[in-house]
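*Asks:* Just entry.pdb, nothing more (PDB, C-alpha atoms):
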```
ATOM      1  CA  MET V   1    -185.854-172.678 -80.727
ATOM      2  CA  THR V   2    -183.286-173.456 -83.373
ATOM      3  CA  LEU V   3    -180.447-171.020 -83.932
ATOM      4  CA  THR V   4    -179.162-170.287 -87.383
ATOM      5  CA  CYS V   5    -175.494-170.737 -88.250
ATOM      6  CA  LEU V   6    -175.023-166.962 -88.197
ATOM      7  CA  GLU V   7    -176.546-166.675 -84.729
ATOM      8  CA  LYS V   8    -174.376-169.540 -83.443
ATOM      9  CA  ALA V   9    -171.282-167.904 -84.883
ATOM     10  CA  SER V  10    -172.267-164.578 -83.299
ATOM     11  CA  LEU V  11    -172.671-166.240 -79.884
ATOM     12  CA  VAL V  12    -169.257-167.890 -80.191
ATOM     13  CA  VAL V  13    -167.661-164.555 -81.091
ATOM     14  CA  LEU V  14    -169.411-162.787 -78.201
ATOM     15  CA  ALA V  15    -168.366-165.540 -75.779
ATOM     16  CA  ALA V  16    -164.758-165.315 -76.970
ATOM     17  CA  LEU V  17    -164.751-161.527 -76.578
ATOM     18  CA  GLY V  18    -166.320-161.840 -73.136
ATOM     19  CA  LEU V  19    -163.718-164.369 -72.013
ATOM     20  CA  ARG V  20    -160.905-162.196 -73.377
ATOM     21  CA  PHE V  21    -162.296-159.180 -71.528
ATOM     22  CA  LEU V  22    -162.585-161.126 -68.273
ATOM     23  CA  LEU V  23    -159.050-162.450 -68.700
ATOM     24  CA  ARG V  24    -157.652-158.958 -69.274
ATOM     25  CA  VAL V  25    -159.517-157.588 -66.260
ATOM     26  CA  SER V  26    -158.331-160.501 -64.093
ATOM     27  CA  ILE V  27    -154.705-159.944 -65.116
ATOM     28  CA  LEU V  28    -155.043-156.209 -64.447
ATOM     29  CA  VAL V  29    -156.532-156.815 -60.993
ATOM     30  CA  TRP V  30    -153.735-159.286 -60.227
ATOM     31  CA  LYS V  31    -150.941-156.929 -61.333
ATOM     32  CA  LYS V  32    -152.359-153.736 -59.859
ATOM     33  CA  LEU V  33    -154.044-154.912 -56.659
ATOM     34  CA  ILE V  34    -153.616-158.518 -55.531
ATOM     35  CA  GLY V  35    -149.957-159.108 -56.425
ATOM     36  CA  PRO V  36    -148.511-155.911 -54.886
ATOM     37  CA  SER V  37    -150.809-155.999 -51.853
ATOM     38  CA  PHE V  38    -149.847-159.560 -50.867
ATOM     39  CA  GLY V  39    -146.150-159.344 -51.715
ATOM     40  CA  PHE V  40    -146.035-161.611 -54.761
ATOM     41  CA  GLY V  41    -143.320-159.500 -56.420
ATOM     42  CA  ILE V  42    -139.633-160.366 -56.407
ATOM     43  CA  ASP V  43    -137.859-160.289 -53.050
ATOM     44  CA  LEU V  44    -134.761-158.322 -53.986
ATOM     45  CA  ARG V  45    -132.799-159.822 -51.119
ATOM     46  CA  THR V  46    -132.787-163.127 -53.015
ATOM     47  CA  GLN V  47    -131.088-161.463 -55.986
ATOM     48  CA  GLY V  48    -127.852-160.406 -54.303
ATOM     49  CA  LYS V  49    -126.392-158.102 -51.681
ATOM     50  CA  TRP V  50    -125.908-154.727 -53.384
ATOM     51  CA  ALA V  51    -128.088-152.084 -55.030
ATOM     52  CA  VAL V  52    -126.565-149.563 -57.430
ATOM     53  CA  ILE V  53    -128.527-146.325 -57.886
ATOM     54  CA  THR V  54    -127.619-143.476 -60.245
ATOM     55  CA  GLY V  55    -128.814-139.957 -59.513
ATOM     56  CA  SER V  56    -129.066-141.058 -55.898
ATOM     57  CA  THR V  57    -128.551-137.874 -53.869
ATOM     58  CA  SER V  58    -132.070-136.457 -54.180
ATOM     59  CA  GLY V  59    -135.639-137.155 -55.258
ATOM     60  CA  ILE V  60    -136.646-140.562 -56.571
ATOM     61  CA  GLY V  61    -133.064-141.849 -56.670
ATOM     62  CA  LYS V  62    -132.450-141.075 -53.006
ATOM     63  CA  ALA V  63    -135.806-142.629 -52.111
ATOM     64  CA  TYR V  64    -134.812-145.852 -53.921
ATOM     65  CA  ALA V  65    -131.533-145.909 -51.997
ATOM     66  CA  GLU V  66    -133.324-145.475 -48.669
ATOM     67  CA  GLN V  67    -136.077-147.988 -49.398
ATOM     68  CA  LEU V  68    -133.591-150.632 -50.588
ATOM     69  CA  ALA V  69    -131.381-150.013 -47.567
ATOM     70  CA  GLU V  70    -134.426-150.497 -45.354
ATOM     71  CA  LYS V  71    -134.854-153.915 -46.988
ATOM     72  CA  GLY V  72    -131.302-154.791 -45.894
ATOM     73  CA  LEU V  73    -129.421-154.263 -49.154
ATOM     74  CA  SER V  74    -126.032-152.570 -49.176
ATOM     75  CA  ILE V  75    -125.986-149.457 -51.339
ATOM     76  CA  VAL V  76    -123.774-147.996 -54.055
ATOM     77  CA  LEU V  77    -124.609-144.319 -54.550
ATOM     78  CA  VAL V  78    -123.718-142.824 -57.922
ATOM     79  CA  SER V  79    -123.846-139.085 -58.532
ATOM     80  CA  ARG V  80    -121.721-136.205 -59.783
ATOM     81  CA  THR V  81    -121.239-134.309 -56.489
ATOM     82  CA  GLN V  82    -118.880-135.742 -53.878
ATOM     83  CA  ALA V  83    -120.204-133.648 -50.977
ATOM     84  CA  LYS V  84    -123.812-134.717 -51.554
ATOM     85  CA  LEU V  85    -122.765-138.344 -51.946
ATOM     86  CA  GLU V  86    -120.949-138.280 -48.610
ATOM     87  CA  GLN V  87    -123.916-136.638 -46.895
ATOM     88  CA  VAL V  88    -126.483-139.150 -48.190
ATOM     89  CA  ALA V  89    -124.129-142.067 -47.495
ATOM     90  CA  ALA V  90    -123.750-140.947 -43.870
ATOM     91  CA  GLU V  91    -127.525-140.603 -43.482
ATOM     92  CA  ILE V  92    -128.206-144.099 -44.849
ATOM     93  CA  LYS V  93    -125.462-145.713 -42.750
ATOM     94  CA  GLN V  94    -126.753-144.095 -39.583
ATOM     95  CA  ARG V  95    -130.439-144.792 -40.251
ATOM     96  CA  TYR V  96    -130.318-148.312 -41.691
ATOM     97  CA  GLY V  97    -126.967-149.725 -40.577
ATOM     98  CA  VAL V  98    -125.985-151.057 -44.006
ATOM     99  CA  GLU V  99    -122.738-150.763 -45.935
ATOM    100  CA  VAL V 100    -122.662-147.836 -48.346
ATOM    101  CA  ARG V 101    -120.163-147.025 -51.087
ATOM    102  CA  ILE V 102    -120.057-143.929 -53.244
ATOM    103  CA  VAL V 103    -119.014-143.419 -56.852
ATOM    104  CA  GLU V 104    -118.490-139.866 -58.025
ATOM    105  CA  ALA V 105    -119.326-140.001 -61.725
ATOM    106  CA  ASP V 106    -120.654-137.339 -64.062
ATOM    107  CA  LEU V 107    -122.697-139.382 -66.531
ATOM    108  CA  THR V 108    -122.531-136.596 -69.116
ATOM    109  CA  GLU V 109    -118.867-137.606 -69.548
ATOM    110  CA  GLY V 110    -119.999-140.779 -71.310
ATOM    111  CA  GLN V 111    -117.864-143.915 -71.417
ATOM    112  CA  VAL V 112    -115.386-142.633 -68.840
ATOM    113  CA  ALA V 113    -118.186-142.515 -66.244
ATOM    114  CA  TYR V 114    -119.670-145.886 -67.225
ATOM    115  CA  THR V 115    -116.259-147.543 -66.917
ATOM    116  CA  ARG V 116    -115.733-145.952 -63.496
ATOM    117  CA  ILE V 117    -119.049-147.387 -62.268
ATOM    118  CA  ALA V 118    -118.310-150.844 -63.677
ATOM    119  CA  LYS V 119    -114.843-150.916 -62.094
ATOM    120  CA  ALA V 120    -116.168-149.767 -58.697
ATOM    121  CA  THR V 121    -118.783-152.551 -58.641
ATOM    122  CA  GLU V 122    -117.053-155.419 -60.459
ATOM    123  CA  GLU V 123    -116.485-157.466 -57.280
ATOM    124  CA  LEU V 124    -119.926-156.801 -55.782
ATOM    125  CA  GLU V 125    -122.893-159.162 -55.901
ATOM    126  CA  ILE V 126    -125.374-156.766 -57.464
ATOM    127  CA  ALA V 127    -129.038-157.460 -56.744
ATOM    128  CA  VAL V 128    -130.575-154.412 -58.385
ATOM    129  CA  VAL V 129    -129.521-151.516 -60.606
ATOM    130  CA  VAL V 130    -131.705-148.404 -60.633
ATOM    131  CA  ASN V 131    -131.048-146.348 -63.764
ATOM    132  CA  ASN V 132    -132.474-143.117 -62.388
ATOM    133  CA  ALA V 133    -130.176-140.229 -63.346
ATOM    134  CA  GLY V 134    -131.839-137.883 -65.796
ATOM    135  CA  ALA V 135    -132.458-134.308 -66.859
ATOM    136  CA  SER V 136    -135.459-132.272 -67.952
ATOM    137  CA  TYR V 137    -136.378-128.769 -69.106
ATOM    138  CA  ASP V 138    -136.213-125.886 -66.640
ATOM    139  CA  HIS V 139    -139.872-125.428 -67.566
ATOM    140  CA  PRO V 140    -142.087-126.467 -70.511
ATOM    141  CA  ASP V 141    -141.283-124.480 -73.631
ATOM    142  CA  LEU V 142    -141.273-124.502 -77.419
ATOM    143  CA  PHE V 143    -138.746-126.820 -79.011
ATOM    144  CA  ASN V 144    -137.082-123.860 -80.757
ATOM    145  CA  ASN V 145    -136.556-122.045 -77.448
ATOM    146  CA  ILE V 146    -134.642-124.830 -75.699
ATOM    147  CA  SER V 147    -130.925-124.140 -75.421
ATOM    148  CA  GLU V 148    -128.382-126.440 -77.033
ATOM    149  CA  GLY V 149    -126.869-127.093 -73.600
ATOM    150  CA  CYS V 150    -130.199-128.257 -72.183
ATOM    151  CA  LEU V 151    -130.915-130.528 -75.161
ATOM    152  CA  THR V 152    -127.429-132.035 -74.996
ATOM    153  CA  GLU V 153    -127.745-132.781 -71.276
ATOM    154  CA  ILE V 154    -131.181-134.398 -71.715
ATOM    155  CA  LEU V 155    -129.974-136.662 -74.512
ATOM    156  CA  GLN V 156    -126.724-137.475 -72.727
ATOM    157  CA  LEU V 157    -128.380-138.438 -69.438
ATOM    158  CA  ASN V 158    -131.770-139.807 -70.513
ATOM    159  CA  VAL V 159    -130.583-141.736 -73.557
ATOM    160  CA  ALA V 160    -126.813-142.307 -73.638
ATOM    161  CA  ALA V 161    -126.303-142.727 -69.880
ATOM    162  CA  VAL V 162    -129.250-145.110 -69.392
ATOM    163  CA  THR V 163    -127.833-147.225 -72.208
ATOM    164  CA  GLY V 164    -124.241-146.969 -70.998
ATOM    165  CA  VAL V 165    -124.966-147.902 -67.378
ATOM    166  CA  ALA V 166    -127.102-150.852 -68.459
ATOM    167  CA  ARG V 167    -124.373-152.037 -70.808
ATOM    168  CA  ALA V 168    -121.751-151.689 -68.064
ATOM    169  CA  LEU V 169    -123.635-153.640 -65.369
ATOM    170  CA  LEU V 170    -125.959-156.098 -67.125
ATOM    171  CA  PRO V 171    -123.146-158.539 -68.062
ATOM    172  CA  GLN V 172    -122.555-159.265 -64.369
ATOM    173  CA  LEU V 173    -126.259-159.977 -63.820
ATOM    174  CA  PHE V 174    -126.344-162.230 -66.900
ATOM    175  CA  GLU V 175    -123.305-164.117 -65.654
ATOM    176  CA  ARG V 176    -124.865-164.682 -62.223
ATOM    177  CA  ARG V 177    -128.238-165.420 -63.874
ATOM    178  CA  LYS V 178    -130.190-163.227 -61.467
ATOM    179  CA  GLY V 179    -130.724-159.593 -60.621
ATOM    180  CA  VAL V 180    -133.011-156.691 -61.502
ATOM    181  CA  LEU V 181    -132.504-153.654 -63.728
ATOM    182  CA  ILE V 182    -134.953-150.786 -63.161
ATOM    183  CA  ASN V 183    -135.019-148.030 -65.777
ATOM    184  CA  ILE V 184    -136.830-144.840 -64.793
ATOM    185  CA  SER V 185    -138.837-143.395 -67.682
ATOM    186  CA  SER V 186    -141.861-141.074 -67.393
ATOM    187  CA  ALA V 187    -145.610-141.072 -67.988
ATOM    188  CA  LEU V 188    -144.862-138.374 -70.579
ATOM    189  CA  ALA V 189    -143.351-141.137 -72.714
ATOM    190  CA  VAL V 190    -146.817-142.608 -73.303
ATOM    191  CA  ILE V 191    -149.116-139.558 -73.374
ATOM    192  CA  PRO V 192    -149.104-136.400 -75.529
ATOM    193  CA  SER V 193    -146.392-134.027 -74.247
ATOM    194  CA  PRO V 194    -146.132-130.823 -76.315
ATOM    195  CA  TYR V 195    -143.676-128.242 -74.937
ATOM    196  CA  LEU V 196    -141.723-131.095 -73.372
ATOM    197  CA  SER V 197    -141.040-132.856 -76.653
ATOM    198  CA  VAL V 198    -137.354-133.786 -76.329
ATOM    199  CA  TYR V 199    -137.678-134.870 -72.689
ATOM    200  CA  ALA V 200    -140.737-137.007 -73.508
ATOM    201  CA  ALA V 201    -139.012-138.512 -76.561
ATOM    202  CA  SER V 202    -135.920-139.377 -74.515
ATOM    203  CA  LYS V 203    -138.118-141.164 -71.971
ATOM    204  CA  ALA V 204    -139.907-143.018 -74.779
ATOM    205  CA  TYR V 205    -136.471-144.344 -75.749
ATOM    206  CA  VAL V 206    -136.036-145.679 -72.199
ATOM    207  CA  LEU V 207    -139.403-147.432 -72.470
ATOM    208  CA  LYS V 208    -138.577-149.110 -75.796
ATOM    209  CA  LEU V 209    -135.095-150.097 -74.644
ATOM    210  CA  SER V 210    -136.526-151.662 -71.486
ATOM    211  CA  TYR V 211    -139.130-153.739 -73.324
ATOM    212  CA  ASP V 212    -136.539-155.256 -75.643
ATOM    213  CA  LEU V 213    -133.877-155.718 -72.956
ATOM    214  CA  ALA V 214    -136.469-157.528 -70.842
ATOM    215  CA  ALA V 215    -136.954-160.088 -73.620
ATOM    216  CA  GLU V 216    -133.183-160.573 -73.948
ATOM    217  CA  ALA V 217    -132.642-160.814 -70.184
ATOM    218  CA  GLU V 218    -135.446-163.226 -69.312
ATOM    219  CA  PRO V 219    -133.644-166.415 -70.494
ATOM    220  CA  TYR V 220    -130.766-165.465 -68.185
ATOM    221  CA  GLY V 221    -132.995-165.122 -65.129
ATOM    222  CA  VAL V 222    -132.619-161.322 -65.065
ATOM    223  CA  THR V 223    -135.617-159.020 -64.667
ATOM    224  CA  VAL V 224    -135.820-155.671 -66.462
ATOM    225  CA  GLN V 225    -138.530-153.236 -65.437
ATOM    226  CA  CYS V 226    -139.428-149.796 -66.760
ATOM    227  CA  VAL V 227    -141.083-147.331 -64.385
ATOM    228  CA  THR V 228    -143.141-144.504 -65.909
ATOM    229  CA  PRO V 229    -144.014-142.156 -63.039
ATOM    230  CA  GLY V 230    -146.423-139.268 -63.285
ATOM    231  CA  PRO V 231    -145.901-136.150 -61.144
ATOM    232  CA  VAL V 232    -143.815-136.685 -58.002
ATOM    233  CA  ALA V 233    -142.920-133.948 -55.506
ATOM    234  CA  THR V 234    -139.203-133.631 -56.299
ATOM    235  CA  LYS V 235    -136.701-130.885 -57.034
ATOM    236  CA  MET V 236    -136.742-131.752 -60.751
ATOM    237  CA  SER V 237    -140.528-131.525 -61.033
ATOM    238  CA  LYS V 238    -140.531-128.296 -58.960
ATOM    239  CA  ILE V 239    -143.581-129.597 -57.052
ATOM    240  CA  LYS V 240    -143.045-128.491 -53.453
ATOM    241  CA  LYS V 241    -146.235-129.685 -51.769
ATOM    242  CA  PRO V 242    -147.082-133.420 -52.069
ATOM    243  CA  THR V 243    -150.641-134.355 -53.050
ATOM    244  CA  TRP V 244    -152.603-137.516 -53.741
ATOM    245  CA  MET V 245    -151.596-137.298 -57.411
ATOM    246  CA  ALA V 246    -148.058-135.994 -56.765
ATOM    247  CA  PRO V 247    -146.742-138.029 -53.802
ATOM    248  CA  LYS V 248    -143.497-137.760 -51.907
ATOM    249  CA  PRO V 249    -140.650-139.741 -53.532
ATOM    250  CA  GLU V 250    -140.640-142.165 -50.582
ATOM    251  CA  GLU V 251    -144.324-142.958 -51.050
ATOM    252  CA  PHE V 252    -143.908-143.399 -54.791
ATOM    253  CA  VAL V 253    -140.883-145.711 -54.513
ATOM    254  CA  LYS V 254    -142.477-147.832 -51.780
ATOM    255  CA  ALA V 255    -145.423-148.545 -54.091
ATOM    256  CA  SER V 256    -143.200-149.068 -57.132
ATOM    257  CA  LEU V 257    -140.943-151.665 -55.497
ATOM    258  CA  LYS V 258    -143.961-153.895 -54.882
ATOM    259  CA  THR V 259    -144.502-154.263 -58.651
ATOM    260  CA  ILE V 260    -141.093-155.768 -59.493
ATOM    261  CA  GLY V 261    -141.632-159.151 -61.089
ATOM    262  CA  LEU V 262    -145.318-158.438 -61.662
ATOM    263  CA  GLU V 263    -145.183-155.722 -64.315
ATOM    264  CA  LEU V 264    -142.622-155.199 -67.044
ATOM    265  CA  CYS V 265    -143.736-151.594 -67.408
ATOM    266  CA  THR V 266    -145.497-149.835 -64.553
ATOM    267  CA  THR V 267    -146.411-146.356 -63.391
ATOM    268  CA  GLY V 268    -145.454-147.675 -59.966
ATOM    269  CA  TYR V 269    -148.186-145.694 -58.229
ATOM    270  CA  GLN V 270    -151.902-146.354 -58.697
ATOM    271  CA  PRO V 271    -153.090-142.732 -59.185
ATOM    272  CA  HIS V 272    -150.528-142.369 -61.982
ATOM    273  CA  PHE V 273    -151.993-145.446 -63.643
ATOM    274  CA  LEU V 274    -155.443-143.844 -63.458
ATOM    275  CA  LEU V 275    -154.032-140.640 -64.970
ATOM    276  CA  THR V 276    -152.463-142.371 -67.968
ATOM    277  CA  ALA V 277    -155.503-144.650 -68.401
ATOM    278  CA  PHE V 278    -157.756-141.591 -68.497
ATOM    279  CA  ILE V 279    -155.598-139.907 -71.160
ATOM    280  CA  HIS V 280    -155.448-143.104 -73.235
ATOM    281  CA  GLY V 281    -159.224-143.511 -72.969
ATOM    282  CA  LEU V 282    -159.715-139.917 -74.061
ATOM    283  CA  GLN V 283    -157.376-140.503 -77.013
ATOM    284  CA  CYS V 284    -159.534-143.443 -78.122
ATOM    285  CA  ILE V 285    -162.645-141.267 -78.018
ATOM    286  CA  CYS V 286    -161.163-138.012 -79.314
ATOM    287  CA  GLU V 287    -157.451-137.778 -80.063
ATOM    288  CA  LYS V 288    -157.564-134.006 -80.544
ATOM    289  CA  GLY V 289    -159.377-133.649 -77.217
ATOM    290  CA  ALA V 290    -156.581-135.510 -75.397
ATOM    291  CA  LEU V 291    -153.963-133.366 -77.097
ATOM    292  CA  TRP V 292    -155.865-130.182 -76.219
ATOM    293  CA  LEU V 293    -156.173-131.197 -72.562
ATOM    294  CA  THR V 294    -152.512-132.113 -72.078
ATOM    295  CA  SER V 295    -151.401-129.014 -73.996
ATOM    296  CA  LYS V 296    -153.539-126.805 -71.774
ATOM    297  CA  ILE V 297    -152.171-128.383 -68.572
ATOM    298  CA  ILE V 298    -148.562-128.110 -69.736
ATOM    299  CA  CYS V 299    -149.059-124.524 -70.974
ATOM    300  CA  ASN V 300    -150.461-123.561 -67.559
ATOM    301  CA  ILE V 301    -147.321-124.975 -65.939
ATOM    302  CA  ARG V 302    -145.210-123.034 -68.436
ATOM    303  CA  ASN V 303    -147.049-119.772 -67.777
ATOM    304  CA  ARG V 304    -146.672-120.133 -64.008
ATOM    305  CA  ALA V 305    -142.954-120.804 -64.401
ATOM    306  CA  LEU V 306    -142.503-117.763 -66.650
ATOM    307  CA  LYS V 307    -144.346-115.559 -64.135
ATOM    308  CA  LYS V 308    -142.070-116.777 -61.335
ATOM    309  CA  ASP V 309    -138.989-116.095 -63.470
ATOM    310  CA  LYS V 310    -140.280-112.611 -64.263
ATOM    311  CA  LYS V 311    -140.909-111.858 -60.582
ATOM    312  CA  ARG V 312    -137.477-113.181 -59.680
ATOM    313  CA  THR V 313    -135.838-111.064 -62.376
ATOM    314  CA  THR V 314    -137.802-107.968 -61.351
ATOM    315  CA  GLY V 315    -136.898-108.517 -57.707
ATOM    316  CA  SER V 316    -133.217-108.903 -58.567
ATOM    317  CA  THR V 317    -133.285-105.718 -60.652
ATOM    318  CA  LYS V 318    -134.960-103.753 -57.862
ATOM    319  CA  GLY V 319    -132.448-105.092 -55.381
ATOM    320  CA  ALA V 320    -129.544-104.076 -57.595
ATOM    321  CA  ASP V 321    -131.054-100.609 -58.113
ATOM    322  CA  SER V 322    -131.486-100.086 -54.365
ATOM    323  CA  ILE V 323    -127.882-101.114 -53.754
ATOM    324  CA  ARG V 324    -126.689 -98.660 -56.417
ATOM    325  CA  GLU V 325    -128.830 -95.881 -54.914
ATOM    326  CA  HIS V 326    -127.453 -96.616 -51.450
ATOM    327  CA  GLN V 327    -123.899 -96.562 -52.828
ATOM    328  CA  LEU V 328    -124.521 -93.204 -54.524
ATOM    329  CA  SER V 329    -125.864 -91.724 -51.297
ATOM    330  CA  LEU V 330    -122.730 -92.872 -49.473
ATOM    331  CA  ASP V 331    -120.524 -91.400 -52.187
ATOM    332  CA  LYS V 332    -122.271 -88.041 -51.747
TER
END
```
Any chance you could give the structure as structure tokens?

*Replies:*
Amino acid sequence: MTLTCLEKASLVVLAALGLRFLLRVSILVWKKLIGPSFGFGIDLRTQGKWAVITGSTSGIGKAYAEQLAEKGLSIVLVSRTQAKLEQVAAEIKQRYGVEVRIVEADLTEGQVAYTRIAKATEELEIAVVVNNAGASYDHPDLFNNISEGCLTEILQLNVAAVTGVARALLPQLFERRKGVLINISSALAVIPSPYLSVYAASKAYVLKLSYDLAAEAEPYGVTVQCVTPGPVATKMSKIKKPTWMAPKPEEFVKASLKTIGLELCTTGYQPHFLLTAFIHGLQCICEKGALWLTSKIICNIRNRALKKDKKRTTGSTKGADSIREHQLSLDK
């Protein structure tokens, strides 16, 4: 049987597409399963002695500090509250036996804070910087309803501070020609996020900055990674009970650290990858359907938060009324 030129060309195209598909699947399996499972990521202990973590007194930041201390790295904790810094530093010293330093710095102060961090770490051999400090909405809401103070804090921490801390510490890593910068973004940066628009946009900035910094840093032997977590049971997310989809910070960070050197941008946690992949697949099939689904989920979160606020307000009012009534009865 003789094939026509068109049939031959079609077979070549199909073969090329098949090979491309297999290659993409192989790379995905390597990055998501084989590489992390068998420890093919970067051993951070080879990058230096110290880890610097911003927003390190709770949630994901504290989990990074603990996990890196467990690996034997000395820790620099950066946060705005001295008492919390001292408490976490004492816990890490006692549990892991590593050296811990603290830097009290309010990153909303801008360059003053970045300079303070740079000065406190200038003589340290930094292995990894975790740019974790950030801010979000109290609860999902319309753009017009968000206070100026909230918007300012989100932009100052999620955009300006991520940039400022990177600019303050990257030169040392470039000079030593090794080290890792981890920027914490969010899955909301890559999926539809109505009612969280400014937060999501600020995290999209972190994603774009990380991609381009990674290209600049690679010739100097420095690794830049962006982490885009989905829901994690932290104080910021207001998720109290961990689930398979919303893990404890410790579980999330343990999985995320295994991806360093394997993925430039990662969700860090496999269920979060499945979540974003599902939304992206739905967008390809029906963009409006994906937007409707995410809007509905976020609106449900908003409604629950508003109900809690209403109950809290009602309870406070009743409490105040009962106190006033008791006071009146005493006066009589």

*Asks:* Could you list the residues chosen by the PyMOL selection byres ((chain V and resi 259) around 8) in this structure as a ChimeraX atom specification?

*Replies:* /V:31-32,35-36,41,255-258,260-263,266,268

*Asks:* For a quick check of understanding, using all atoms listed in the file, which of V:Val198, V:Ala214, V:Val190, V:Val128 has the smallest distance to Leu275 in chain V?

*Replies:*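 Residue with the minimum atom-to-atom distance to Leu275 in chain V: V:Val190.
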
*Asks:* What does the structure give for the distance between CA of Ala133 in chain V and CA of Ile297 in chain V, in Å to one decimal?

*Replies:*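 About the pair CA of Ala133 in chain V and CA of Ile297 in chain V: they are 25.5 Å apart.
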
*Asks:* One decimal, Å: what's the distance from CA of Ile75 in chain V over to CA of Asp43 in chain V, could you say?

*Replies:* 16.2 Å

*Asks:* Of the candidates V:Ser193, V:Thr228, V:Ser58, V:Asn183, which shows the shortest atom-to-atom distance to Ile298 in chain V, using only C-alpha atoms?

*Replies:*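 Between V:Ser193, V:Thr228, V:Ser58, V:Asn183, the residue approaching Ile298 in chain V most closely is V:Ser193.
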
*Asks:* List as a list in words the residues having at least one atom at most 10 Å from position (-137.0, -147.5, -72.2) as given in the file, counting only C-alpha atoms.

*Replies:*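 Within the cut-off we find Asn158, Val159, Val162, Thr163, Ile182, Asn183, Ile184, Ser185, Ser186, Ala189, Ser202, Lys203, Ala204, Tyr205, Val206, Leu207, Lys208, Leu209, Ser210, Tyr211, Asp212, Leu213, Gln225, Cys226, Val227, Thr228 and Cys265 of chain V.
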
*Asks:* Only C-alpha atoms, please: the residues just picked out, written as a PDB file, in the frame of the given file.

*Replies:*
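Saved result, again-v1.pdb, follows:
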```pdb
ATOM      1  CA  ASN V 158    -131.770-139.807 -70.513  1.00  0.00           C
ATOM      2  CA  VAL V 159    -130.583-141.736 -73.557  1.00  0.00           C
ATOM      3  CA  VAL V 162    -129.250-145.110 -69.392  1.00  0.00           C
ATOM      4  CA  THR V 163    -127.833-147.225 -72.208  1.00  0.00           C
ATOM      5  CA  ILE V 182    -134.953-150.786 -63.161  1.00  0.00           C
ATOM      6  CA  ASN V 183    -135.019-148.030 -65.777  1.00  0.00           C
ATOM      7  CA  ILE V 184    -136.830-144.840 -64.793  1.00  0.00           C
ATOM      8  CA  SER V 185    -138.837-143.395 -67.682  1.00  0.00           C
ATOM      9  CA  SER V 186    -141.861-141.074 -67.393  1.00  0.00           C
ATOM     10  CA  ALA V 189    -143.351-141.137 -72.714  1.00  0.00           C
ATOM     11  CA  SER V 202    -135.920-139.377 -74.515  1.00  0.00           C
ATOM     12  CA  LYS V 203    -138.118-141.164 -71.971  1.00  0.00           C
ATOM     13  CA  ALA V 204    -139.907-143.018 -74.779  1.00  0.00           C
ATOM     14  CA  TYR V 205    -136.471-144.344 -75.749  1.00  0.00           C
ATOM     15  CA  VAL V 206    -136.036-145.679 -72.199  1.00  0.00           C
ATOM     16  CA  LEU V 207    -139.403-147.432 -72.470  1.00  0.00           C
ATOM     17  CA  LYS V 208    -138.577-149.110 -75.796  1.00  0.00           C
ATOM     18  CA  LEU V 209    -135.095-150.097 -74.644  1.00  0.00           C
ATOM     19  CA  SER V 210    -136.526-151.662 -71.486  1.00  0.00           C
ATOM     20  CA  TYR V 211    -139.130-153.739 -73.324  1.00  0.00           C
ATOM     21  CA  ASP V 212    -136.539-155.256 -75.643  1.00  0.00           C
ATOM     22  CA  LEU V 213    -133.877-155.718 -72.956  1.00  0.00           C
ATOM     23  CA  GLN V 225    -138.530-153.236 -65.437  1.00  0.00           C
ATOM     24  CA  CYS V 226    -139.428-149.796 -66.760  1.00  0.00           C
ATOM     25  CA  VAL V 227    -141.083-147.331 -64.385  1.00  0.00           C
ATOM     26  CA  THR V 228    -143.141-144.504 -65.909  1.00  0.00           C
ATOM     27  CA  CYS V 265    -143.736-151.594 -67.408  1.00  0.00           C
TER      28      CYS V 265
END
```

*Asks:* Between V:Ile239, V:Asn144, V:Leu173, V:Ile191, which residue has the minimum interatomic distance to Pro219 in chain V, considering only C-alpha atoms?

*Replies:* V:Leu173

*Asks:* I'd like to know which of V:Ala120, V:Val25, V:Ile154, V:Ala69 is closest to Leu107 in chain V, using all atoms listed in the file.

*Replies:*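 Checking each candidate against Leu107 in chain V, we get V:Ile154 as the closest.
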
*Asks:* Residue by residue, what does the PyMOL selection byres ((chain V and resi 96) around 12) grab here? Present the result as a short mmCIF file (atom, residue, chain, number, x, y, z; two decimals) with C-alpha atoms, keeping the file's coordinate frame.

*Replies:*
```cif
data_model
loop_
_atom_site.label_atom_id
_atom_site.label_comp_id
_atom_site.auth_asym_id
_atom_site.auth_seq_id
_atom_site.Cartn_x
_atom_site.Cartn_y
_atom_site.Cartn_z
CA ALA V 65 -131.53 -145.91 -52.00
CA GLU V 66 -133.32 -145.48 -48.67
CA GLN V 67 -136.08 -147.99 -49.40
CA LEU V 68 -133.59 -150.63 -50.59
CA ALA V 69 -131.38 -150.01 -47.57
CA GLU V 70 -134.43 -150.50 -45.35
CA LYS V 71 -134.85 -153.92 -46.99
CA GLY V 72 -131.30 -154.79 -45.89
CA LEU V 73 -129.42 -154.26 -49.15
CA SER V 74 -126.03 -152.57 -49.18
CA ILE V 75 -125.99 -149.46 -51.34
CA VAL V 88 -126.48 -139.15 -48.19
CA ALA V 89 -124.13 -142.07 -47.50
CA ALA V 90 -123.75 -140.95 -43.87
CA GLU V 91 -127.52 -140.60 -43.48
CA ILE V 92 -128.21 -144.10 -44.85
CA LYS V 93 -125.46 -145.71 -42.75
CA GLN V 94 -126.75 -144.10 -39.58
CA ARG V 95 -130.44 -144.79 -40.25
CA GLY V 97 -126.97 -149.72 -40.58
CA VAL V 98 -125.98 -151.06 -44.01
CA GLU V 99 -122.74 -150.76 -45.94
CA VAL V 100 -122.66 -147.84 -48.35
#
```

*Asks:* So the first atom is CA of Leu282 in chain V and the second is CA of Ser295 in chain V; what is the distance between them in Å, to one decimal place?

*Replies:*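 Value for the CA of Leu282 in chain V-CA of Ser295 in chain V distance: 13.7 Å.
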